[in-house]
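Here the structure is laid out as structure tokens; the discussion comes afterwards.
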Amino acid sequence: MIRLPQPWTKKRGSRTLASPTSGIVGEFIGFATVMMVGIFGLSLLIAWNFAPTQIPQAVPEIPGSRRSGGVGFWVCATIFASATLVGAGRLAYRLVRESASHEYRNRLASRATGLPQQARRWLGPPPHGGARQWDAQDSARGMPAVPGFKTLTDSPGEHLRFRLAPMPTTQNVFSLAVLPLLWNAIWFVLLGIAASGIFHGHARPVLTLLLIPLGWVGWRLFRGLLAELRRNLGVGSTIVEISDHPLRAGGDYELLVIQMGRMDLRSLQIRLVCEEETFFRQGTDIRVERHEAVTTELISARKIQVDPSAPWRQQLRFTLSENAMHSMVSPSNAIRWKIVVSGDARRWPSFCRSFPVVVHPNVAGPNPSPR
Amino acid sequence: MVLCREDSTYIAGEELEITWRIGRIDSEIVQRVELSVLWRTDGKGDEDLHVHEFFARHRDRLRRDSARRDPLRFKRGGGTLAGLCEHQTFRCRLPVSPLSYHGRLIQILWCVRLRLFVDGGKQFKAEVPFHLVAKRSMTTEASSTAETSVAAVVRTAS
């Protein structure tokens, strides 16, 4: 049964809507057309402006007027030249791509991305004692597809060696504050205009009436922002420190978790999670799917009282299995390890904070230190 | 293509040796041979592919290589590609990562891929998969799996 297209719904379907060959042919025709239109337009412009007329005597020369050199000429020339270059460039790229194997193209791309690293080696170590960091980075680069850990180990811990940085949440306070503040700022500008009109005897009744519903929306947005701020600040920060980083399969590690704030927690869990993450295209959408391949509960506590003067703290030790898969990142797939602290508070909404860690495969490497 | 290990399992950082030959095809129509040691992902996500080692030879280079092995034949009637029918050896040192992995959404698969381009625009492809494992997991299993475990020991609580 044929489905009628519905403009108000997103396009669904399989990952590829047509055969790869038809896609290549379509792209080829499209860029060839762009190039031909560009060449045709350029030729027309040149012929019109620079070619000598058949009977020069019959065309009287108008003083001060020239057919070439105007703004319109240069705008058209730029458009047609761009079309020619874009079309020709994309055609050449497509032809080279189709004539080489997938492996050969990947090899070329790897060489291209390796150029900055080569240049860095030629230039030597950076000044101000940054050589150690470079060594650590190079070691991580010696492990293809293993993510770097420099940003995770640049913060020293107070009790253990490293303090882990939390994974940024998708909705932080700044993004929540933008709309209410912007809305209310515009409302006050409109209020100023209305008040000035009344003061000078040119009252604007429509604007004055509109200020009432706009002000109500602004007040609701501001109240929502205050509630969100209270929630975020009330939960208190979570500090996670670890004895060593990056982790290695079979390694033994100490972990310290400190929960701050003022709250009564029904439960609090600390878990070590290995998550598979994949990106795939479906129609015009890019979708993400995640799966917790390994979830190990490090600790689960109930009925905890957290006070600003006495934050809840827990130090524990764990051993990573010798068969643990290392962290891996590639353009469309990733295996990520993280320590997850989640809690269920009485008057506050439940919270969940993730602290990413990197697990390396079992090979000898440097021992990074933030100090 | 034949790998140097029967169980097709290699420790990260180890050397891989592969013996290959081209048969059942007229070697004179071969335009280009590509041999690559690569890993790719399989599963729900889009495929990622990374070539670790790449070896390519065009027809002229293959002829020169063949002539070096058999100079007498080269003098008689020009270089031939008969050498392709004989056993060739390719060696490379494997990287330390990514290790072979078989998860629910992602699989990381290592293989040696031979691609043969012949006259007329045709190409043939052959693959030999193998496992890349960490040193310690050799004794337990061939590849890393998602079934890992962590032992947690609570030390202090306040």
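FYI, nothing fancy with the structure tokens labels: chains A, B, ... in order, residues from 1 per chain, ligands from 1 as they appear.
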Compile a residue-level contact table for chain A against chain B at a cut-off of 7 Å, reporting for every qualifying residue the shortest atom pair and its distance in Å to one decimal, with only C-alpha atoms counted, rows ordered by chain and ascending number, as CSV.
```
residue,atom,partner,partner_atom,distance
A:Glu103,CA,B:Val51,CA,6.2
A:Asn106,CA,B:Val51,CA,6.4
A:Arg107,CA,B:Val51,CA,6.1
A:Met143,CA,B:Ser97,CA,5.3
A:Pro144,CA,B:Ser97,CA,5.6
A:Ala145,CA,B:Pro98,CA,6.2
A:Glu276,CA,B:Leu105,CA,6.5
A:Thr278,CA,B:Gly45,CA,4.6
A:Phe279,CA,B:Gly45,CA,5.0
A:Phe280,CA,B:Gly45,CA,4.7
A:Ala293,CA,B:Ala146,CA,5.6
A:Val294,CA,B:Ala146,CA,6.3
A:Thr296,CA,B:Val150,CA,6.2
A:Leu298,CA,B:Ala152,CA,5.2
A:Trp312,CA,B:Ser158,CA,6.9
A:Arg313,CA,B:Ser158,CA,6.3
A:Gln314,CA,B:Ala157,CA,5.1
A:Gln315,CA,B:Thr156,CA,5.6
A:Leu316,CA,B:Val154,CA,4.6
A:Arg317,CA,B:Val153,CA,5.1
A:Phe318,CA,B:Ala152,CA,4.3
A:Thr319,CA,B:Ala151,CA,5.3
A:Leu320,CA,B:Val150,CA,5.0
A:Ser321,CA,B:Ser149,CA,5.4
A:Glu322,CA,B:Arg136,CA,6.9
A:Asn323,CA,B:Ser144,CA,5.9
A:Ala324,CA,B:Thr148,CA,5.2
A:Met325,CA,B:Ser144,CA,5.8
A:Met328,CA,B:Pro98,CA,6.9
A:Ser330,CA,B:Asp48,CA,6.7
A:Pro331,CA,B:Asp48,CA,6.6
A:Ser332,CA,B:Asp46,CA,5.7
A:Asn333,CA,B:Gly45,CA,6.3
A:Pro361,CA,B:Ala134,CA,6.9
A:Asn362,CA,B:Ala134,CA,6.3
```
Expected file: the selected residues, N, CA and C atoms, as a tab-separated table (two decimals), in the first residue's frame:
```
chain	number	residue	atom	x	y	z
A	103	GLU	N	39.77	0.64	1.80
A	103	GLU	CA	40.97	0.55	2.63
A	103	GLU	C	41.99	1.62	2.23
A	106	ASN	N	40.90	4.96	3.45
A	106	ASN	CA	41.10	5.04	4.90
A	106	ASN	C	42.58	5.28	5.22
A	107	ARG	N	43.45	4.65	4.45
A	107	ARG	CA	44.88	4.82	4.65
A	107	ARG	C	45.29	6.27	4.38
A	143	MET	N	47.89	3.82	21.32
A	143	MET	CA	46.80	2.86	21.45
A	143	MET	C	45.67	3.34	20.56
A	144	PRO	N	45.61	2.88	19.35
A	144	PRO	CA	44.56	3.37	18.45
A	144	PRO	C	43.17	3.12	19.02
A	145	ALA	N	42.32	4.09	18.83
A	145	ALA	CA	40.90	4.04	19.22
A	145	ALA	C	40.69	4.15	20.72
A	276	GLU	N	28.05	0.66	26.11
A	276	GLU	CA	28.24	0.65	24.65
A	276	GLU	C	27.38	1.77	24.06
A	278	THR	N	26.30	3.60	20.34
A	278	THR	CA	26.38	3.54	18.88
A	278	THR	C	25.58	4.69	18.27
A	279	PHE	N	26.07	5.18	17.17
A	279	PHE	CA	25.38	6.21	16.40
A	279	PHE	C	25.04	5.60	15.05
A	280	PHE	N	23.81	5.79	14.62
A	280	PHE	CA	23.45	5.28	13.30
A	280	PHE	C	22.42	6.20	12.65
A	293	ALA	N	26.73	-2.56	29.23
A	293	ALA	CA	27.24	-3.92	29.05
A	293	ALA	C	27.65	-4.52	30.40
A	294	VAL	N	28.24	-3.71	31.24
A	294	VAL	CA	28.65	-4.16	32.57
A	294	VAL	C	28.18	-3.13	33.59
A	296	THR	N	28.36	-2.80	37.71
A	296	THR	CA	28.78	-3.40	38.98
A	296	THR	C	28.46	-2.43	40.10
A	298	LEU	N	29.05	-0.91	43.34
A	298	LEU	CA	30.16	-0.82	44.28
A	298	LEU	C	29.64	-0.65	45.70
A	312	TRP	N	28.55	13.38	53.51
A	312	TRP	CA	28.64	11.91	53.49
A	312	TRP	C	29.86	11.51	52.68
A	313	ARG	N	30.68	10.62	53.22
A	313	ARG	CA	31.88	10.19	52.49
A	313	ARG	C	32.05	8.69	52.61
A	314	GLN	N	32.55	8.12	51.55
A	314	GLN	CA	32.71	6.68	51.50
A	314	GLN	C	33.97	6.36	50.73
A	315	GLN	N	34.85	5.59	51.32
A	315	GLN	CA	36.06	5.16	50.61
A	315	GLN	C	35.96	3.65	50.40
A	316	LEU	N	36.23	3.22	49.21
A	316	LEU	CA	36.10	1.80	48.91
A	316	LEU	C	37.20	1.37	47.94
A	317	ARG	N	37.34	0.08	47.82
A	317	ARG	CA	38.38	-0.47	46.96
A	317	ARG	C	37.72	-1.43	45.98
A	318	PHE	N	38.17	-1.40	44.76
A	318	PHE	CA	37.61	-2.34	43.78
A	318	PHE	C	38.72	-2.84	42.85
A	319	THR	N	38.48	-4.01	42.33
A	319	THR	CA	39.44	-4.62	41.39
A	319	THR	C	38.75	-4.79	40.05
A	320	LEU	N	39.39	-4.27	39.04
A	320	LEU	CA	38.83	-4.40	37.68
A	320	LEU	C	39.19	-5.78	37.14
A	321	SER	N	38.23	-6.41	36.53
A	321	SER	CA	38.47	-7.77	36.02
A	321	SER	C	39.57	-7.77	34.96
A	322	GLU	N	40.30	-8.89	34.90
A	322	GLU	CA	41.37	-8.99	33.90
A	322	GLU	C	40.81	-9.05	32.48
A	323	ASN	N	39.55	-9.46	32.36
A	323	ASN	CA	38.94	-9.55	31.02
A	323	ASN	C	38.19	-8.28	30.62
A	324	ALA	N	38.31	-7.24	31.44
A	324	ALA	CA	37.56	-6.01	31.15
A	324	ALA	C	37.98	-5.43	29.80
A	325	MET	N	36.99	-5.06	29.01
A	325	MET	CA	37.29	-4.41	27.73
A	325	MET	C	37.77	-2.99	27.98
A	328	MET	N	36.99	2.58	24.25
A	328	MET	CA	37.21	2.64	22.80
A	328	MET	C	36.31	3.73	22.22
A	330	SER	N	35.39	5.43	18.38
A	330	SER	CA	35.54	5.56	16.92
A	330	SER	C	34.39	6.45	16.44
A	331	PRO	N	34.39	6.88	15.19
A	331	PRO	CA	33.38	7.88	14.79
A	331	PRO	C	31.93	7.50	15.10
A	332	SER	N	31.55	6.25	14.95
A	332	SER	CA	30.15	5.88	15.14
A	332	SER	C	29.92	4.91	16.29
A	333	ASN	N	30.96	4.51	16.97
A	333	ASN	CA	30.81	3.53	18.05
A	333	ASN	C	31.74	3.91	19.20
A	361	PRO	N	44.07	-0.96	27.72
A	361	PRO	CA	44.41	-2.38	27.62
A	361	PRO	C	45.70	-2.66	28.39
A	362	ASN	N	45.96	-3.91	28.64
A	362	ASN	CA	47.09	-4.29	29.48
A	362	ASN	C	48.42	-4.15	28.75
```
Selected residue of minimal separation from Tyr93 (chain A) among A:Trp183, A:Ser237, A:Arg105, A:Phe50, counting only C-alpha atoms: A:Arg105
d(CA of Val358 (chain A), CA of Pro147 (chain A)) in Å: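 About the pair CA of Val358 (chain A) and CA of Pro147 (chain A): they are 7.2 Å apart.
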Residue contacts of region 260-274 of chain A (7 Å, only C-alpha atoms) excluding same-chain residues fewer than 3 positions away, as a PyMOL selection string: chain A and resi 234-238+292-308+311-312+335-346
Limited to C-alpha atoms, could you put the picked residues into a file as a PDB file, in the first residue's frame?
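Listing of out_21.pdb after writing:
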```pdb
ATOM      1  CA  GLY A 234      20.062  21.947  47.028  1.00  0.00           C
ATOM      2  CA  VAL A 235      21.375  18.561  45.960  1.00  0.00           C
ATOM      3  CA  GLY A 236      24.937  19.659  46.573  1.00  0.00           C
ATOM      4  CA  SER A 237      28.050  18.711  44.689  1.00  0.00           C
ATOM      5  CA  THR A 238      29.507  15.227  44.448  1.00  0.00           C
ATOM      6  CA  GLU A 292      25.078  -0.919  29.821  1.00  0.00           C
ATOM      7  CA  ALA A 293      27.245  -3.917  29.053  1.00  0.00           C
ATOM      8  CA  VAL A 294      28.648  -4.159  32.571  1.00  0.00           C
ATOM      9  CA  THR A 295      27.077  -2.699  35.706  1.00  0.00           C
ATOM     10  CA  THR A 296      28.779  -3.396  38.984  1.00  0.00           C
ATOM     11  CA  GLU A 297      27.296  -2.052  42.169  1.00  0.00           C
ATOM     12  CA  LEU A 298      30.160  -0.818  44.285  1.00  0.00           C
ATOM     13  CA  ILE A 299      27.979   0.311  47.148  1.00  0.00           C
ATOM     14  CA  SER A 300      24.305   0.760  47.924  1.00  0.00           C
ATOM     15  CA  ALA A 301      23.371   2.671  51.066  1.00  0.00           C
ATOM     16  CA  ARG A 302      19.936   3.537  52.539  1.00  0.00           C
ATOM     17  CA  LYS A 303      18.622   6.310  54.812  1.00  0.00           C
ATOM     18  CA  ILE A 304      21.508   8.732  54.691  1.00  0.00           C
ATOM     19  CA  GLN A 305      21.485  12.197  56.183  1.00  0.00           C
ATOM     20  CA  VAL A 306      23.737  14.732  54.512  1.00  0.00           C
ATOM     21  CA  ASP A 307      24.560  17.922  56.359  1.00  0.00           C
ATOM     22  CA  PRO A 308      26.663  20.894  55.161  1.00  0.00           C
ATOM     23  CA  PRO A 311      29.171  15.594  54.190  1.00  0.00           C
ATOM     24  CA  TRP A 312      28.640  11.910  53.491  1.00  0.00           C
ATOM     25  CA  ILE A 335      32.761   1.816  24.690  1.00  0.00           C
ATOM     26  CA  ARG A 336      32.850   4.089  27.727  1.00  0.00           C
ATOM     27  CA  TRP A 337      33.535   3.410  31.373  1.00  0.00           C
ATOM     28  CA  LYS A 338      32.170   5.659  34.102  1.00  0.00           C
ATOM     29  CA  ILE A 339      31.482   5.818  37.804  1.00  0.00           C
ATOM     30  CA  VAL A 340      27.845   6.675  38.420  1.00  0.00           C
ATOM     31  CA  VAL A 341      26.614   8.178  41.692  1.00  0.00           C
ATOM     32  CA  SER A 342      22.826   8.222  41.946  1.00  0.00           C
ATOM     33  CA  GLY A 343      20.597   9.122  44.848  1.00  0.00           C
ATOM     34  CA  ASP A 344      16.941   9.369  45.761  1.00  0.00           C
ATOM     35  CA  ALA A 345      16.291  12.294  48.128  1.00  0.00           C
ATOM     36  CA  ARG A 346      13.143  12.984  50.137  1.00  0.00           C
TER      37      ARG A 346
END
```
Residue neighbourhood Leu16 (chain B), 9 Å, only C-alpha atoms, exclusion window fewer than 5 positions, as a compact mmCIF listing (two decimals) with C-alpha atoms, in the first residue's frame:
```txt
# COMPACT_ATOMS: atom_id res chain seq x y z
CA LEU B 3 47.62 -17.08 9.05
CA CYS B 4 50.69 -18.17 10.95
CA ARG B 5 48.56 -19.36 13.88
CA TYR B 10 47.12 -12.96 18.50
CA PHE B 90 53.41 -10.46 4.58
CA ARG B 91 54.39 -9.54 8.12
CA CYS B 92 53.28 -6.77 10.41
CA ARG B 93 53.28 -5.91 14.09
CA LEU B 94 49.78 -5.68 15.51
```
Distance query Glu277 (chain A) at most 6 Å, only C-alpha atoms, self and fewer than 5 positions along chain excluded, as number ranges by chain: A: 289-290, 333-334
Kindly export the residues of the current selection with N, CA and C atoms, as a compact mmCIF listing (two decimals), in the first residue's frame.
```txt
# COMPACT_ATOMS: atom_id res chain seq x y z
N GLU A 289 22.10 4.91 20.42
CA GLU A 289 21.61 3.85 21.29
C GLU A 289 22.70 3.48 22.28
N ARG A 290 22.30 3.33 23.53
CA ARG A 290 23.28 2.99 24.57
C ARG A 290 22.83 1.73 25.28
N ASN A 333 30.96 4.51 16.97
CA ASN A 333 30.81 3.53 18.05
C ASN A 333 31.74 3.91 19.20
N ALA A 334 31.33 3.56 20.40
CA ALA A 334 32.18 3.85 21.56
C ALA A 334 31.88 2.87 22.68
```
Within 8 Å of His87 (chain B) using only C-alpha atoms, minus same-chain residues under 2 positions, as a ChimeraX atom specification: /B:19-21,84-85,89
Taking the backbone alone, and naming residues the way the document does, which bits of region 160-369 of chain A are strand (DSSP E) by DSSP, as a compact mmCIF listing (two decimals) with N, CA and C atoms, in the first residue's frame?
```
# COMPACT_ATOMS: atom_id res chain seq x y z
N PHE A 162 43.81 11.45 42.04
CA PHE A 162 43.11 12.25 41.03
C PHE A 162 41.69 12.55 41.46
N ARG A 163 41.22 13.73 41.12
CA ARG A 163 39.80 14.07 41.30
C ARG A 163 39.14 14.00 39.92
N THR A 238 28.97 16.57 44.18
CA THR A 238 29.51 15.23 44.45
C THR A 238 30.97 15.22 44.04
N ILE A 239 31.83 14.75 44.93
CA ILE A 239 33.26 14.68 44.63
C ILE A 239 33.66 13.21 44.56
N VAL A 240 34.35 12.88 43.49
CA VAL A 240 34.85 11.51 43.33
C VAL A 240 36.35 11.57 43.10
N GLU A 241 37.10 10.85 43.92
CA GLU A 241 38.56 10.80 43.75
C GLU A 241 38.98 9.34 43.57
N ILE A 242 40.05 9.15 42.82
CA ILE A 242 40.49 7.79 42.50
C ILE A 242 42.01 7.70 42.69
N LEU A 247 42.64 3.54 34.25
CA LEU A 247 42.53 2.22 34.84
C LEU A 247 43.06 1.18 33.85
N ARG A 248 43.50 0.07 34.42
CA ARG A 248 43.95 -1.04 33.58
C ARG A 248 43.24 -2.31 34.01
N ASP A 252 43.94 -2.76 40.73
CA ASP A 252 43.30 -2.60 42.03
C ASP A 252 43.26 -1.10 42.35
N TYR A 253 42.09 -0.55 42.66
CA TYR A 253 41.95 0.90 42.80
C TYR A 253 41.15 1.26 44.04
N GLU A 254 41.46 2.43 44.55
CA GLU A 254 40.69 2.97 45.67
C GLU A 254 39.84 4.13 45.15
N LEU A 255 38.67 4.25 45.71
CA LEU A 255 37.73 5.29 45.27
C LEU A 255 37.17 6.00 46.49
N LEU A 256 37.09 7.30 46.41
CA LEU A 256 36.50 8.08 47.50
C LEU A 256 35.35 8.91 46.92
N VAL A 257 34.19 8.79 47.54
CA VAL A 257 33.02 9.56 47.09
C VAL A 257 32.55 10.43 48.25
N ILE A 258 32.42 11.72 47.98
CA ILE A 258 31.92 12.67 49.00
C ILE A 258 30.67 13.34 48.44
N GLN A 259 29.58 13.25 49.19
CA GLN A 259 28.33 13.90 48.78
C GLN A 259 28.07 15.07 49.70
N MET A 263 20.40 17.23 52.85
CA MET A 263 19.25 16.43 52.40
C MET A 263 19.18 15.10 53.12
N ASP A 264 17.98 14.54 53.05
CA ASP A 264 17.72 13.18 53.56
C ASP A 264 17.62 12.27 52.35
N LEU A 265 18.53 11.34 52.24
CA LEU A 265 18.53 10.43 51.08
C LEU A 265 17.86 9.11 51.45
N ARG A 266 16.91 8.71 50.61
CA ARG A 266 16.30 7.39 50.81
C ARG A 266 17.33 6.31 50.45
N SER A 267 18.04 6.54 49.35
CA SER A 267 19.06 5.56 48.93
C SER A 267 20.14 6.28 48.14
N LEU A 268 21.32 5.68 48.13
CA LEU A 268 22.43 6.22 47.34
C LEU A 268 23.23 5.04 46.79
N GLN A 269 23.50 5.08 45.51
CA GLN A 269 24.21 3.98 44.85
C GLN A 269 25.45 4.50 44.15
N ILE A 270 26.51 3.71 44.22
CA ILE A 270 27.72 4.00 43.43
C ILE A 270 27.96 2.78 42.55
N ARG A 271 28.03 3.02 41.28
CA ARG A 271 28.18 1.91 40.32
C ARG A 271 29.33 2.18 39.36
N LEU A 272 29.94 1.11 38.93
CA LEU A 272 30.94 1.19 37.86
C LEU A 272 30.27 0.62 36.61
N VAL A 273 30.20 1.43 35.57
CA VAL A 273 29.41 1.06 34.39
C VAL A 273 30.28 1.07 33.14
N CYS A 274 30.12 0.04 32.34
CA CYS A 274 30.73 0.02 31.00
C CYS A 274 29.57 0.10 30.01
N GLU A 275 29.60 1.14 29.21
CA GLU A 275 28.45 1.42 28.34
C GLU A 275 28.85 1.35 26.87
N GLU A 276 28.05 0.66 26.11
CA GLU A 276 28.24 0.65 24.65
C GLU A 276 27.38 1.77 24.06
N GLU A 277 27.96 2.52 23.16
CA GLU A 277 27.23 3.65 22.56
C GLU A 277 27.41 3.58 21.04
N THR A 278 26.30 3.60 20.34
CA THR A 278 26.38 3.54 18.88
C THR A 278 25.58 4.69 18.27
N PHE A 279 26.07 5.18 17.17
CA PHE A 279 25.38 6.21 16.40
C PHE A 279 25.04 5.60 15.05
N PHE A 280 23.81 5.79 14.62
CA PHE A 280 23.45 5.28 13.30
C PHE A 280 22.42 6.20 12.65
N ARG A 281 22.46 6.18 11.32
CA ARG A 281 21.54 7.02 10.57
C ARG A 281 20.30 6.22 10.23
N GLN A 282 19.15 6.84 10.43
CA GLN A 282 17.89 6.22 10.05
C GLN A 282 17.08 7.28 9.32
N ASP A 285 17.46 11.06 10.22
CA ASP A 285 17.83 11.21 11.64
C ASP A 285 19.16 10.53 11.93
N ILE A 286 19.86 11.07 12.92
CA ILE A 286 21.01 10.36 13.49
C ILE A 286 20.58 9.92 14.88
N ARG A 287 20.56 8.65 15.10
CA ARG A 287 20.07 8.11 16.37
C ARG A 287 21.23 7.57 17.21
N VAL A 288 21.03 7.60 18.50
CA VAL A 288 22.03 7.10 19.44
C VAL A 288 21.39 5.99 20.25
N GLU A 289 22.10 4.91 20.42
CA GLU A 289 21.61 3.85 21.29
C GLU A 289 22.70 3.48 22.28
N ARG A 290 22.30 3.33 23.53
CA ARG A 290 23.28 2.99 24.57
C ARG A 290 22.83 1.73 25.28
N HIS A 291 23.80 0.98 25.71
CA HIS A 291 23.51 -0.25 26.44
C HIS A 291 24.57 -0.44 27.52
N GLU A 292 24.12 -0.69 28.73
CA GLU A 292 25.08 -0.92 29.82
C GLU A 292 25.54 -2.37 29.76
N ALA A 293 26.73 -2.56 29.23
CA ALA A 293 27.24 -3.92 29.05
C ALA A 293 27.65 -4.52 30.40
N VAL A 294 28.24 -3.71 31.24
CA VAL A 294 28.65 -4.16 32.57
C VAL A 294 28.18 -3.13 33.59
N THR A 295 27.46 -3.58 34.60
CA THR A 295 27.08 -2.70 35.71
C THR A 295 27.45 -3.39 37.01
N THR A 296 28.36 -2.80 37.71
CA THR A 296 28.78 -3.40 38.98
C THR A 296 28.46 -2.43 40.10
N GLU A 297 27.66 -2.90 41.04
CA GLU A 297 27.30 -2.05 42.17
C GLU A 297 28.44 -2.05 43.16
N LEU A 298 29.05 -0.91 43.34
CA LEU A 298 30.16 -0.82 44.28
C LEU A 298 29.64 -0.65 45.70
N ILE A 299 28.58 0.12 45.82
CA ILE A 299 27.98 0.31 47.15
C ILE A 299 26.53 0.76 46.98
N SER A 300 25.70 0.33 47.91
CA SER A 300 24.30 0.76 47.92
C SER A 300 23.92 1.04 49.37
N ALA A 301 23.67 2.29 49.69
CA ALA A 301 23.37 2.67 51.07
C ALA A 301 21.94 3.20 51.16
N ARG A 302 21.31 3.06 52.33
CA ARG A 302 19.94 3.54 52.54
C ARG A 302 19.88 4.48 53.74
N LYS A 303 18.89 5.36 53.72
CA LYS A 303 18.62 6.31 54.81
C LYS A 303 19.90 7.03 55.26
N ILE A 304 20.28 7.96 54.42
CA ILE A 304 21.51 8.73 54.69
C ILE A 304 21.12 10.18 54.93
N GLN A 305 21.70 10.77 55.92
CA GLN A 305 21.48 12.20 56.18
C GLN A 305 22.76 12.95 55.82
N VAL A 306 22.58 13.93 54.94
CA VAL A 306 23.74 14.73 54.51
C VAL A 306 23.56 16.13 55.07
N TRP A 312 28.55 13.38 53.51
CA TRP A 312 28.64 11.91 53.49
C TRP A 312 29.86 11.51 52.68
N ARG A 313 30.68 10.62 53.22
CA ARG A 313 31.88 10.19 52.49
C ARG A 313 32.05 8.69 52.61
N GLN A 314 32.55 8.12 51.55
CA GLN A 314 32.71 6.68 51.50
C GLN A 314 33.97 6.36 50.73
N GLN A 315 34.85 5.59 51.32
CA GLN A 315 36.06 5.16 50.61
C GLN A 315 35.96 3.65 50.40
N LEU A 316 36.23 3.22 49.21
CA LEU A 316 36.10 1.80 48.91
C LEU A 316 37.20 1.37 47.94
N ARG A 317 37.34 0.08 47.82
CA ARG A 317 38.38 -0.47 46.96
C ARG A 317 37.72 -1.43 45.98
N PHE A 318 38.17 -1.40 44.76
CA PHE A 318 37.61 -2.34 43.78
C PHE A 318 38.72 -2.84 42.85
N THR A 319 38.48 -4.01 42.33
CA THR A 319 39.44 -4.62 41.39
C THR A 319 38.75 -4.79 40.05
N LEU A 320 39.39 -4.27 39.04
CA LEU A 320 38.83 -4.40 37.68
C LEU A 320 39.19 -5.78 37.14
N MET A 328 36.99 2.58 24.25
CA MET A 328 37.21 2.64 22.80
C MET A 328 36.31 3.73 22.22
N VAL A 329 36.87 4.53 21.33
CA VAL A 329 36.06 5.56 20.66
C VAL A 329 36.40 5.56 19.18
N ASN A 333 30.96 4.51 16.97
CA ASN A 333 30.81 3.53 18.05
C ASN A 333 31.74 3.91 19.20
N ALA A 334 31.33 3.56 20.40
CA ALA A 334 32.18 3.85 21.56
C ALA A 334 31.88 2.87 22.68
N ILE A 335 32.92 2.59 23.45
CA ILE A 335 32.76 1.82 24.69
C ILE A 335 33.31 2.71 25.79
N ARG A 336 32.45 3.12 26.70
CA ARG A 336 32.85 4.09 27.73
C ARG A 336 32.67 3.49 29.12
N TRP A 337 33.62 3.81 29.97
CA TRP A 337 33.54 3.41 31.37
C TRP A 337 33.25 4.66 32.20
N LYS A 338 32.46 4.50 33.24
CA LYS A 338 32.17 5.66 34.10
C LYS A 338 31.76 5.18 35.49
N ILE A 339 31.96 6.07 36.44
CA ILE A 339 31.48 5.82 37.80
C ILE A 339 30.22 6.66 37.97
N VAL A 340 29.14 6.00 38.33
CA VAL A 340 27.85 6.67 38.42
C VAL A 340 27.42 6.75 39.89
N VAL A 341 27.13 7.97 40.33
CA VAL A 341 26.61 8.18 41.69
C VAL A 341 25.16 8.64 41.54
N SER A 342 24.24 7.85 42.06
CA SER A 342 22.83 8.22 41.95
C SER A 342 22.17 8.16 43.32
N GLY A 343 21.26 9.07 43.55
CA GLY A 343 20.60 9.12 44.85
C GLY A 343 19.14 9.48 44.72
N ASP A 344 18.37 9.07 45.72
CA ASP A 344 16.94 9.37 45.76
C ASP A 344 16.68 10.14 47.06
N ALA A 345 16.45 11.45 46.94
CA ALA A 345 16.29 12.29 48.13
C ALA A 345 14.81 12.46 48.47
N PHE A 351 18.80 12.30 41.77
CA PHE A 351 19.90 12.82 40.95
C PHE A 351 20.81 11.68 40.51
N CYS A 352 21.52 11.90 39.44
CA CYS A 352 22.43 10.89 38.89
C CYS A 352 23.60 11.62 38.25
N ARG A 353 24.79 11.36 38.76
CA ARG A 353 25.97 12.05 38.23
C ARG A 353 26.99 11.02 37.77
N SER A 354 27.53 11.28 36.58
CA SER A 354 28.49 10.33 35.99
C SER A 354 29.88 10.94 35.97
N PHE A 355 30.86 10.11 36.26
CA PHE A 355 32.27 10.54 36.25
C PHE A 355 33.03 9.61 35.31
N PRO A 356 33.33 10.08 34.09
CA PRO A 356 33.97 9.18 33.13
C PRO A 356 35.39 8.80 33.54
N VAL A 357 35.75 7.56 33.28
CA VAL A 357 37.12 7.10 33.47
C VAL A 357 37.55 6.39 32.18
N VAL A 359 39.69 3.20 30.60
CA VAL A 359 40.33 1.91 30.87
C VAL A 359 41.25 1.60 29.70
N HIS A 360 42.52 1.36 30.01
CA HIS A 360 43.50 1.03 28.98
C HIS A 360 43.68 -0.48 28.87
```
Length of the CA of Ala227 (chain A) to CA of Ile212 (chain A) vector [Å]: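 Between these atoms lies a distance of 22.7 Å.
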